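A.B. asks: Could you have a look at this structure, given as structure tokens, before my questions?
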Amino acid sequence: MLRRHRFGVPALLIMSVYVVAVAVAAVIALTVGDLGALWRLTLFTEVDEGVAVTWPNVLILVLAGMAWAWALWQSLRGPLAGLPPELDRDARRLRVALYAAVASWLFYFLMSSWPWWVAVLDAVVMWAVVVLFQPVLVRNLKHADHARAAGVLAYGGAAAAEVLDVLDWPVPRWLPLVCGLAGLIWMVLVLRAQRRDGRWQRTTVLYGVASLVGFGSVGWLLASEGNVYDDAMTAADALMMIWLARSAHELADPRHQLAPPSPLPAQPQS
């Protein structure tokens with residue numbers, strides 16, 4: 001399995017180090033009664049001092065860590081090994097934008113809270129993904145102009161809201177709702193187009209769908225653990241990271257390489 005992907009071995013090593021760190025932090029939490037290390041490793045924020053150190057809360061944090069571990073594996077392993085297909089300019093540019101979007105999520109691992117400029121950077125990168133997805137999916141993307149407009153509104157509006165906030169200017173109360181709805185519309189249309197496009201596997205599309213419903217399903221499962229639930233919800237973001245990474249990987253899937261033409265049958269000599 002490791003050799004099937006271009007960077008399978010280093011991806012497994014990095015994921016394994018992270019999993020071991022989470023396991024050690026979980027043991028420390030249960031034996032010492034301190035959630036600090038486990039919280040920082042799995043939710044990437046400073047610990048909420050009001051959360052009790054209980055088995056259910058530790059389990060939720062460990063599950064959040066496993067979600068991010070899987071996202072690391074899916075993102076870092078790269079495409080399948082082999083000669084990649086010849087990509088046109090639009091596909092190459094989209095791959096770069098998708099990988100840049102995945103890289104921006106690594107700020108989660110490095111910062112306990114996102115400053116405004118990181119949020120703006122993330123929105124701008126996703127805005128580029130929106131713009132570059134359209135020419136690649138144009139044949140399968142119904143209402144392409146509407147989809148692009150929705151995506152541009154979603155991420156452009158999110159960046160604008162951050163800038164307005166840092167300038168201490170009033171942010172319209174309706175703006176976050178409109179941006180969220182526009183982002184949902186864009187995502188649904190793109191996933192529908194991906195499903196009809198042979199370059200992406202069904203699993204990749206399902207990760208995208210799961211990223212849309214992840215918050216609701218996780219919330220239903222963890223509703224009884226209100227102490228840690230609100231913070232653990234951020235682990236659902238790992239699904240979006242996986243969708244972005246797999247979408248980039250599969251554009252360079254060697255299985256999309258055109259087969260060489262069959263040799264012409266030999267002509268019988270007269």
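In the structure tokens, chains take letters A, B, ... by order of appearance, with residues numbered from 1 within each chain and ligands from 1 in the order shown.
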Considering only C-alpha atoms, return as JSON, numbers by chain whatever protein or nucleic-acid residues lie within 10 Å of Phe107 in chain A, sequence-local ones (same chain, fewer than 4 positions apart) excluded.

C.D. replies: {"A": [44, 102, 103, 111, 112, 113, 114, 118, 119, 122]}

A.B. asks: In range 133-248 of chain A, what's helix (DSSP H, G or I) per DSSP? Answer as a PyMOL selection string?

C.D. replies: chain A and resi 133-137+144-166+175-196+202-222+226-248

A.B. asks: What separation in Å, quoted to one decimal, exists between CA of Ala147 in chain A and CA of Ser247 in chain A?

C.D. replies: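 Straight-line distance from CA of Ala147 in chain A to CA of Ser247 in chain A works out to 17.6 Å.
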
A.B. asks: Within 10 Å of range 92-94 of chain A, counting only C-alpha atoms, which residues qualify if same-chain residues fewer than 2 places away don't, as a ChimeraX atom specification?

C.D. replies: /A:86-90,96-100,128-136,247-248,251-252

A.B. asks: Pick out the residues sitting within 12 Å of Ala37 in chain A, and hand them over as a VMD selection string; count only C-alpha atoms, and ignore anything fewer than 2 positions along from it in its own chain.

C.D. replies: chain A and resid 21 to 30 32 to 35 39 to 48 58 61 to 62 65

A.B. asks: Selection from above, N, CA and C atoms, as a PDB file, in the first residue's frame, can you write it?

C.D. replies:
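Result went into selection_24.pdb, see below:
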```pdb
ATOM      1  N   ALA A  21       2.070  10.856  19.478  1.00  0.00           N
ATOM      2  CA  ALA A  21       2.001  12.041  20.335  1.00  0.00           C
ATOM      3  C   ALA A  21       0.617  12.191  20.959  1.00  0.00           C
ATOM      4  N   VAL A  22      -0.429  11.937  20.171  1.00  0.00           N
ATOM      5  CA  VAL A  22      -1.794  12.016  20.703  1.00  0.00           C
ATOM      6  C   VAL A  22      -2.011  10.952  21.774  1.00  0.00           C
ATOM      7  N   ALA A  23      -1.508   9.743  21.540  1.00  0.00           N
ATOM      8  CA  ALA A  23      -1.672   8.664  22.518  1.00  0.00           C
ATOM      9  C   ALA A  23      -0.971   9.003  23.831  1.00  0.00           C
ATOM     10  N   VAL A  24       0.244   9.527  23.739  1.00  0.00           N
ATOM     11  CA  VAL A  24       0.978   9.908  24.952  1.00  0.00           C
ATOM     12  C   VAL A  24       0.243  11.027  25.693  1.00  0.00           C
ATOM     13  N   ALA A  25      -0.255  12.004  24.938  1.00  0.00           N
ATOM     14  CA  ALA A  25      -0.983  13.110  25.564  1.00  0.00           C
ATOM     15  C   ALA A  25      -2.258  12.617  26.236  1.00  0.00           C
ATOM     16  N   ALA A  26      -2.913  11.603  25.655  1.00  0.00           N
ATOM     17  CA  ALA A  26      -4.121  11.049  26.268  1.00  0.00           C
ATOM     18  C   ALA A  26      -3.795  10.359  27.586  1.00  0.00           C
ATOM     19  N   VAL A  27      -2.689   9.625  27.614  1.00  0.00           N
ATOM     20  CA  VAL A  27      -2.271   8.967  28.857  1.00  0.00           C
ATOM     21  C   VAL A  27      -1.949  10.014  29.923  1.00  0.00           C
ATOM     22  N   ILE A  28      -1.261  11.075  29.528  1.00  0.00           N
ATOM     23  CA  ILE A  28      -0.941  12.143  30.475  1.00  0.00           C
ATOM     24  C   ILE A  28      -2.215  12.777  31.019  1.00  0.00           C
ATOM     25  N   ALA A  29      -3.186  12.990  30.135  1.00  0.00           N
ATOM     26  CA  ALA A  29      -4.441  13.612  30.566  1.00  0.00           C
ATOM     27  C   ALA A  29      -5.146  12.766  31.616  1.00  0.00           C
ATOM     28  N   LEU A  30      -5.152  11.455  31.426  1.00  0.00           N
ATOM     29  CA  LEU A  30      -5.873  10.580  32.346  1.00  0.00           C
ATOM     30  C   LEU A  30      -5.113  10.327  33.641  1.00  0.00           C
ATOM     31  N   VAL A  32      -2.459  12.420  34.921  1.00  0.00           N
ATOM     32  CA  VAL A  32      -2.090  13.654  35.615  1.00  0.00           C
ATOM     33  C   VAL A  32      -3.291  14.570  35.798  1.00  0.00           C
ATOM     34  N   GLY A  33      -4.303  14.390  34.946  1.00  0.00           N
ATOM     35  CA  GLY A  33      -5.472  15.253  35.034  1.00  0.00           C
ATOM     36  C   GLY A  33      -5.302  16.578  34.327  1.00  0.00           C
ATOM     37  N   ASP A  34      -4.484  16.594  33.267  1.00  0.00           N
ATOM     38  CA  ASP A  34      -4.218  17.827  32.525  1.00  0.00           C
ATOM     39  C   ASP A  34      -4.520  17.589  31.049  1.00  0.00           C
ATOM     40  N   LEU A  35      -5.505  18.313  30.524  1.00  0.00           N
ATOM     41  CA  LEU A  35      -5.889  18.169  29.122  1.00  0.00           C
ATOM     42  C   LEU A  35      -5.079  19.052  28.183  1.00  0.00           C
ATOM     43  N   TRP A  39      -5.385  18.615  24.209  1.00  0.00           N
ATOM     44  CA  TRP A  39      -6.236  19.639  23.589  1.00  0.00           C
ATOM     45  C   TRP A  39      -5.475  20.365  22.483  1.00  0.00           C
ATOM     46  N   ARG A  40      -4.228  20.733  22.775  1.00  0.00           N
ATOM     47  CA  ARG A  40      -3.425  21.473  21.793  1.00  0.00           C
ATOM     48  C   ARG A  40      -3.117  20.618  20.572  1.00  0.00           C
ATOM     49  N   LEU A  41      -2.903  19.324  20.776  1.00  0.00           N
ATOM     50  CA  LEU A  41      -2.549  18.440  19.668  1.00  0.00           C
ATOM     51  C   LEU A  41      -3.741  18.095  18.782  1.00  0.00           C
ATOM     52  N   THR A  42      -4.938  18.116  19.337  1.00  0.00           N
ATOM     53  CA  THR A  42      -6.099  17.655  18.577  1.00  0.00           C
ATOM     54  C   THR A  42      -7.024  18.781  18.126  1.00  0.00           C
ATOM     55  N   LEU A  43      -7.118  19.836  18.915  1.00  0.00           N
ATOM     56  CA  LEU A  43      -7.979  20.967  18.552  1.00  0.00           C
ATOM     57  C   LEU A  43      -7.179  22.205  18.191  1.00  0.00           C
ATOM     58  N   PHE A  44      -5.867  22.178  18.474  1.00  0.00           N
ATOM     59  CA  PHE A  44      -4.938  23.229  18.049  1.00  0.00           C
ATOM     60  C   PHE A  44      -5.289  24.597  18.631  1.00  0.00           C
ATOM     61  N   THR A  45      -5.878  24.609  19.816  1.00  0.00           N
ATOM     62  CA  THR A  45      -6.161  25.842  20.538  1.00  0.00           C
ATOM     63  C   THR A  45      -5.737  25.658  21.984  1.00  0.00           C
ATOM     64  N   GLU A  46      -5.779  26.734  22.737  1.00  0.00           N
ATOM     65  CA  GLU A  46      -5.480  26.629  24.158  1.00  0.00           C
ATOM     66  C   GLU A  46      -6.649  25.953  24.867  1.00  0.00           C
ATOM     67  N   VAL A  47      -6.337  25.181  25.890  1.00  0.00           N
ATOM     68  CA  VAL A  47      -7.338  24.374  26.564  1.00  0.00           C
ATOM     69  C   VAL A  47      -8.379  25.250  27.256  1.00  0.00           C
ATOM     70  N   ASP A  48      -9.607  24.776  27.219  1.00  0.00           N
ATOM     71  CA  ASP A  48     -10.694  25.404  27.958  1.00  0.00           C
ATOM     72  C   ASP A  48     -10.631  24.893  29.395  1.00  0.00           C
ATOM     73  N   VAL A  58     -11.856  12.846  27.047  1.00  0.00           N
ATOM     74  CA  VAL A  58     -10.577  12.410  26.478  1.00  0.00           C
ATOM     75  C   VAL A  58     -10.814  11.609  25.203  1.00  0.00           C
ATOM     76  N   LEU A  61     -11.561  13.905  22.291  1.00  0.00           N
ATOM     77  CA  LEU A  61     -10.350  14.567  21.807  1.00  0.00           C
ATOM     78  C   LEU A  61      -9.473  13.598  21.015  1.00  0.00           C
ATOM     79  N   VAL A  62      -9.386  12.355  21.468  1.00  0.00           N
ATOM     80  CA  VAL A  62      -8.601  11.361  20.732  1.00  0.00           C
ATOM     81  C   VAL A  62      -9.226  11.100  19.361  1.00  0.00           C
ATOM     82  N   GLY A  65      -8.296  13.789  17.129  1.00  0.00           N
ATOM     83  CA  GLY A  65      -6.924  13.598  16.672  1.00  0.00           C
ATOM     84  C   GLY A  65      -6.822  12.556  15.572  1.00  0.00           C
TER      85      GLY A  65
END
```
